[in-house]
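Notes follow once the structure below has been shown.
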Amino acid sequence: MDLSLSTETIGDRTIVRVGGEIDVYTAPKLREQLVELVNDGSFHLVVDMEGVDFLDSTGLGVLVGGLKRVRAHEGSLRLVCNQERILKIFRITGLTKVFPIHTSVEEAVAATD
Amino acid sequence: MATVELRFSALPEHVRTARLVAAAVARRAGVDEAVLDEVRLAVGEACSRAVGLHQIGGITAPVKVSLIEEEKQFSIEVGDEAPHAPTGVRTAAAAAEDPDVEAEEDEMGLAVISGLVDDVEVTAGEHGGLIRMTWPTTPPPTAVLP
């Protein structure tokens with residue numbers, strides 16, 4: 001399955017809905033999307049990963065890259081994920097300490113810390 | 001010989017194929033269903049790393065994956081043909097190649113593999129590297145013929 005991407009703006013947050021598989025082949029598309037959003041001035045991103053079937057370290061690298069970019073503009077990058085198989089990858093790499101991970105888009109949009 | 005052997009051009013689009021084949025063979029070999037996600041992820045990480053090493057090194061040789069069914073265990077070997085320089089040198093080269101690529105990616109891949117797989121062996125020499133990962137299997141009940 002390929003990667004699907006769509007964006008939506010809620011207040012000052014930009015929601016990036018990701019579906020499919022994020023791996024070494026598809027991750028560059030996600031990177032491009034995040035870079036484009038930051039270049040266009042969207043610095044508060046919420047990446048909704050509920051539709052993601054597969055995530056590997058290349059995908060993690062892209063998310064970390066996105067976080068670095070938004071932080072350079074005092075922005076934020078929050079994740080929405082409830083899938084255990086995906087959360088496990090964030091845990092074993094220690095990235096649960098780096099990304100705020102929320103259970104819903106609404107919760108991520110409401111978060112301010 | 002390996003139960004199934006796969007060779008693919010060092011291109012990112014083939015990594016998914018390797019994942020699917022590895023998971024299918026692992027399932028058949030009797031690897032627990034609950035662990036198949038880990039098999040898929042680990043083999044994907046190993047293959048992505050090998051593809052990256054071949055691309056950076058301009059190596060035209062294919063990446064080789066061996067899926068080996070043994071008594072009570074299933075192993076996957078992913079071999080690359082990249083001459084292995086010390087890690088620091090390689091990541092610096094990777095970063096220079098494309099500053100957008102996270103320099104930590106290679107190590108993150110290995111971190112994921114070692115976090116996922118209890119039995120993993122990484123060897124590297126001047127003629128290439130090999131990641132061998134092994135999972136226990138429960139032998140299937142009597143084979144059912146079609």
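Chain labels run A, B, ... following the order of the structure tokens; each chain numbers its residues from 1, and ligands are numbered from 1 in the order shown.
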(message) Please find the residues of chain A near chain B - the criterion being any atom within 10 Å, counting only C-alpha atoms - and write them as number ranges by chain.
(response) A: 1, 21, 23-26, 28, 31, 54-62, 64-65, 85, 88-94
Next, write the just-selected residues to a file, as a PDB file, in the first residue's frame, keeping N, CA and C atoms as the atom set.
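Everything below was put into result.pdb:
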```
ATOM      1  N   MET A   1       0.840  -1.199   0.000  1.00  0.00           N
ATOM      2  CA  MET A   1       0.000   0.000   0.000  1.00  0.00           C
ATOM      3  C   MET A   1       0.881   1.257   0.000  1.00  0.00           C
ATOM      4  N   GLU A  21       1.691   3.038   4.352  1.00  0.00           N
ATOM      5  CA  GLU A  21       2.969   2.601   4.903  1.00  0.00           C
ATOM      6  C   GLU A  21       4.026   3.696   4.791  1.00  0.00           C
ATOM      7  N   ASP A  23       7.756   4.039   4.880  1.00  0.00           N
ATOM      8  CA  ASP A  23       9.016   3.302   4.899  1.00  0.00           C
ATOM      9  C   ASP A  23      10.045   4.039   4.050  1.00  0.00           C
ATOM     10  N   VAL A  24      11.139   3.345   3.765  1.00  0.00           N
ATOM     11  CA  VAL A  24      12.261   3.982   3.069  1.00  0.00           C
ATOM     12  C   VAL A  24      11.845   4.519   1.688  1.00  0.00           C
ATOM     13  N   TYR A  25      10.804   3.928   1.098  1.00  0.00           N
ATOM     14  CA  TYR A  25      10.354   4.365  -0.218  1.00  0.00           C
ATOM     15  C   TYR A  25       9.397   5.551  -0.127  1.00  0.00           C
ATOM     16  N   THR A  26       8.472   5.493   0.830  1.00  0.00           N
ATOM     17  CA  THR A  26       7.434   6.522   0.890  1.00  0.00           C
ATOM     18  C   THR A  26       7.778   7.700   1.807  1.00  0.00           C
ATOM     19  N   PRO A  28      10.141   9.887   1.903  1.00  0.00           N
ATOM     20  CA  PRO A  28      10.464  11.180   1.284  1.00  0.00           C
ATOM     21  C   PRO A  28       9.232  12.032   0.971  1.00  0.00           C
ATOM     22  N   ARG A  31       8.304  13.682   4.105  1.00  0.00           N
ATOM     23  CA  ARG A  31       9.291  14.736   4.384  1.00  0.00           C
ATOM     24  C   ARG A  31       8.973  15.983   3.560  1.00  0.00           C
ATOM     25  N   PHE A  54       2.122   0.853   8.695  1.00  0.00           N
ATOM     26  CA  PHE A  54       3.514   0.437   8.902  1.00  0.00           C
ATOM     27  C   PHE A  54       4.376   1.674   9.032  1.00  0.00           C
ATOM     28  N   LEU A  55       5.299   1.619   9.993  1.00  0.00           N
ATOM     29  CA  LEU A  55       6.219   2.740  10.195  1.00  0.00           C
ATOM     30  C   LEU A  55       7.587   2.169  10.513  1.00  0.00           C
ATOM     31  N   ASP A  56       8.616   2.654   9.854  1.00  0.00           N
ATOM     32  CA  ASP A  56       9.961   2.188  10.195  1.00  0.00           C
ATOM     33  C   ASP A  56      10.843   3.371  10.598  1.00  0.00           C
ATOM     34  N   SER A  57      12.123   3.112  10.776  1.00  0.00           N
ATOM     35  CA  SER A  57      13.006   4.152  11.307  1.00  0.00           C
ATOM     36  C   SER A  57      13.197   5.308  10.324  1.00  0.00           C
ATOM     37  N   THR A  58      13.005   5.035   9.025  1.00  0.00           N
ATOM     38  CA  THR A  58      13.088   6.133   8.056  1.00  0.00           C
ATOM     39  C   THR A  58      11.973   7.132   8.330  1.00  0.00           C
ATOM     40  N   GLY A  59      10.784   6.581   8.630  1.00  0.00           N
ATOM     41  CA  GLY A  59       9.648   7.432   8.974  1.00  0.00           C
ATOM     42  C   GLY A  59       9.898   8.196  10.265  1.00  0.00           C
ATOM     43  N   LEU A  60      10.487   7.516  11.232  1.00  0.00           N
ATOM     44  CA  LEU A  60      10.818   8.188  12.495  1.00  0.00           C
ATOM     45  C   LEU A  60      11.771   9.345  12.223  1.00  0.00           C
ATOM     46  N   GLY A  61      12.752   9.094  11.343  1.00  0.00           N
ATOM     47  CA  GLY A  61      13.729  10.127  10.999  1.00  0.00           C
ATOM     48  C   GLY A  61      13.052  11.352  10.400  1.00  0.00           C
ATOM     49  N   VAL A  62      12.051  11.111   9.552  1.00  0.00           N
ATOM     50  CA  VAL A  62      11.329  12.224   8.924  1.00  0.00           C
ATOM     51  C   VAL A  62      10.550  13.018   9.980  1.00  0.00           C
ATOM     52  N   VAL A  64      11.285  13.235  13.174  1.00  0.00           N
ATOM     53  CA  VAL A  64      12.266  13.978  13.974  1.00  0.00           C
ATOM     54  C   VAL A  64      12.735  15.215  13.198  1.00  0.00           C
ATOM     55  N   GLY A  65      12.944  15.046  11.897  1.00  0.00           N
ATOM     56  CA  GLY A  65      13.337  16.177  11.046  1.00  0.00           C
ATOM     57  C   GLY A  65      12.274  17.265  11.051  1.00  0.00           C
ATOM     58  N   ARG A  85       1.091  -1.355  17.743  1.00  0.00           N
ATOM     59  CA  ARG A  85       2.236  -1.761  16.902  1.00  0.00           C
ATOM     60  C   ARG A  85       3.089  -0.552  16.504  1.00  0.00           C
ATOM     61  N   LYS A  88       4.810   1.067  19.800  1.00  0.00           N
ATOM     62  CA  LYS A  88       5.954   0.262  20.244  1.00  0.00           C
ATOM     63  C   LYS A  88       7.269   0.767  19.636  1.00  0.00           C
ATOM     64  N   ILE A  89       7.204   1.191  18.387  1.00  0.00           N
ATOM     65  CA  ILE A  89       8.416   1.662  17.702  1.00  0.00           C
ATOM     66  C   ILE A  89       8.915   2.960  18.330  1.00  0.00           C
ATOM     67  N   PHE A  90       7.961   3.805  18.751  1.00  0.00           N
ATOM     68  CA  PHE A  90       8.356   5.047  19.424  1.00  0.00           C
ATOM     69  C   PHE A  90       8.962   4.729  20.791  1.00  0.00           C
ATOM     70  N   ARG A  91       8.416   3.701  21.432  1.00  0.00           N
ATOM     71  CA  ARG A  91       8.928   3.339  22.762  1.00  0.00           C
ATOM     72  C   ARG A  91      10.340   2.783  22.701  1.00  0.00           C
ATOM     73  N   ILE A  92      10.571   1.827  21.787  1.00  0.00           N
ATOM     74  CA  ILE A  92      11.891   1.180  21.788  1.00  0.00           C
ATOM     75  C   ILE A  92      12.995   2.122  21.316  1.00  0.00           C
ATOM     76  N   THR A  93      12.616   3.195  20.648  1.00  0.00           N
ATOM     77  CA  THR A  93      13.638   4.152  20.218  1.00  0.00           C
ATOM     78  C   THR A  93      13.724   5.345  21.184  1.00  0.00           C
ATOM     79  N   GLY A  94      12.904   5.326  22.211  1.00  0.00           N
ATOM     80  CA  GLY A  94      12.941   6.401  23.200  1.00  0.00           C
ATOM     81  C   GLY A  94      12.263   7.681  22.728  1.00  0.00           C
TER      82      GLY A  94
END
```
(request) Give the helix (DSSP H, G or I) residues of segment 5-103 of chain B, as assigned by DSSP on the backbone, as an MDAnalysis selection string. (result) chainID B and resid 12:29 33:57 87:97
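Interatomic distance, atom CA of Arg132 of chain B against atom CA of Ser66 of chain B: 9.3 Å.
Across the model, the gap from atom CA of Phe74 of chain B to atom CA of Pro136 of chain B is 6.2 Å.
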(message) So that I can see what lies close to Asp40 of chain A, please list as number ranges by chain the residues with an atom at most 12 Å from it, counting only C-alpha atoms and leaving out residues fewer than 6 positions away in the same chain.
(response) A: 14, 33-34, 70, 73
Go ahead and write the residues just picked, C-alpha atoms, as an mmCIF file, in the first residue's frame.
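Done, and the output landed in again-v2.cif:
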```
data_model
loop_
_atom_site.group_PDB
_atom_site.id
_atom_site.type_symbol
_atom_site.label_atom_id
_atom_site.label_comp_id
_atom_site.auth_asym_id
_atom_site.auth_seq_id
_atom_site.Cartn_x
_atom_site.Cartn_y
_atom_site.Cartn_z
ATOM 1 C CA THR A 14 -2.332 22.073 10.675
ATOM 2 C CA GLN A 33 4.921 17.542 2.835
ATOM 3 C CA LEU A 34 6.307 18.600 6.226
ATOM 4 C CA VAL A 70 9.024 23.498 13.525
ATOM 5 C CA HIS A 73 10.192 28.547 14.451
#
```
(message) Need to verify the contact set: Gly128 of chain B, 6 Å, only C-alpha atoms, exclusion of same-chain residues closer than 3 positions in sequence. Can you return it as JSON, numbers by chain?
(response) {"B": [80, 81, 82, 83, 124, 125]}
Any chance you could list, as a short mmCIF file (atom, residue, chain, number, x, y, z; two decimals) with N, CA and C atoms, in the first residue's frame, the residues in segment 50-103 of chain A that come up strand (DSSP E or B) when DSSP is run on the backbone?
```
data_model
loop_
_atom_site.label_atom_id
_atom_site.label_comp_id
_atom_site.auth_asym_id
_atom_site.auth_seq_id
_atom_site.Cartn_x
_atom_site.Cartn_y
_atom_site.Cartn_z
N GLU A 50 -3.35 7.58 12.67
CA GLU A 50 -4.31 6.50 12.86
C GLU A 50 -4.49 5.62 11.62
N GLY A 51 -4.21 6.17 10.46
CA GLY A 51 -4.36 5.38 9.24
C GLY A 51 -3.06 4.72 8.78
N VAL A 52 -2.04 4.79 9.62
CA VAL A 52 -0.74 4.23 9.23
C VAL A 52 -0.69 2.73 9.54
N ASP A 53 -0.33 1.94 8.54
CA ASP A 53 -0.26 0.49 8.73
C ASP A 53 1.14 0.04 9.10
N PHE A 54 2.12 0.85 8.70
CA PHE A 54 3.51 0.44 8.90
C PHE A 54 4.38 1.67 9.03
N LEU A 55 5.30 1.62 9.99
CA LEU A 55 6.22 2.74 10.20
C LEU A 55 7.59 2.17 10.51
N SER A 76 5.38 23.45 17.03
CA SER A 76 5.22 22.17 17.71
C SER A 76 4.84 21.09 16.70
N LEU A 77 5.18 19.86 17.05
CA LEU A 77 4.74 18.74 16.22
C LEU A 77 4.20 17.67 17.16
N ARG A 78 2.91 17.45 17.07
CA ARG A 78 2.24 16.46 17.92
C ARG A 78 1.78 15.29 17.08
N LEU A 79 1.75 14.13 17.71
CA LEU A 79 1.32 12.93 16.99
C LEU A 79 0.00 12.44 17.57
N VAL A 80 -0.81 11.85 16.71
CA VAL A 80 -2.02 11.17 17.17
C VAL A 80 -1.87 9.71 16.80
N ILE A 101 2.41 12.49 22.28
CA ILE A 101 1.55 11.56 21.54
C ILE A 101 0.15 11.59 22.15
N HIS A 102 -0.84 11.89 21.31
CA HIS A 102 -2.21 12.06 21.77
C HIS A 102 -3.10 10.94 21.24
#
```
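Between atom CA of Thr60 of chain B and atom CA of Ala26 of chain B the interatomic distance comes to 28.2 Å.
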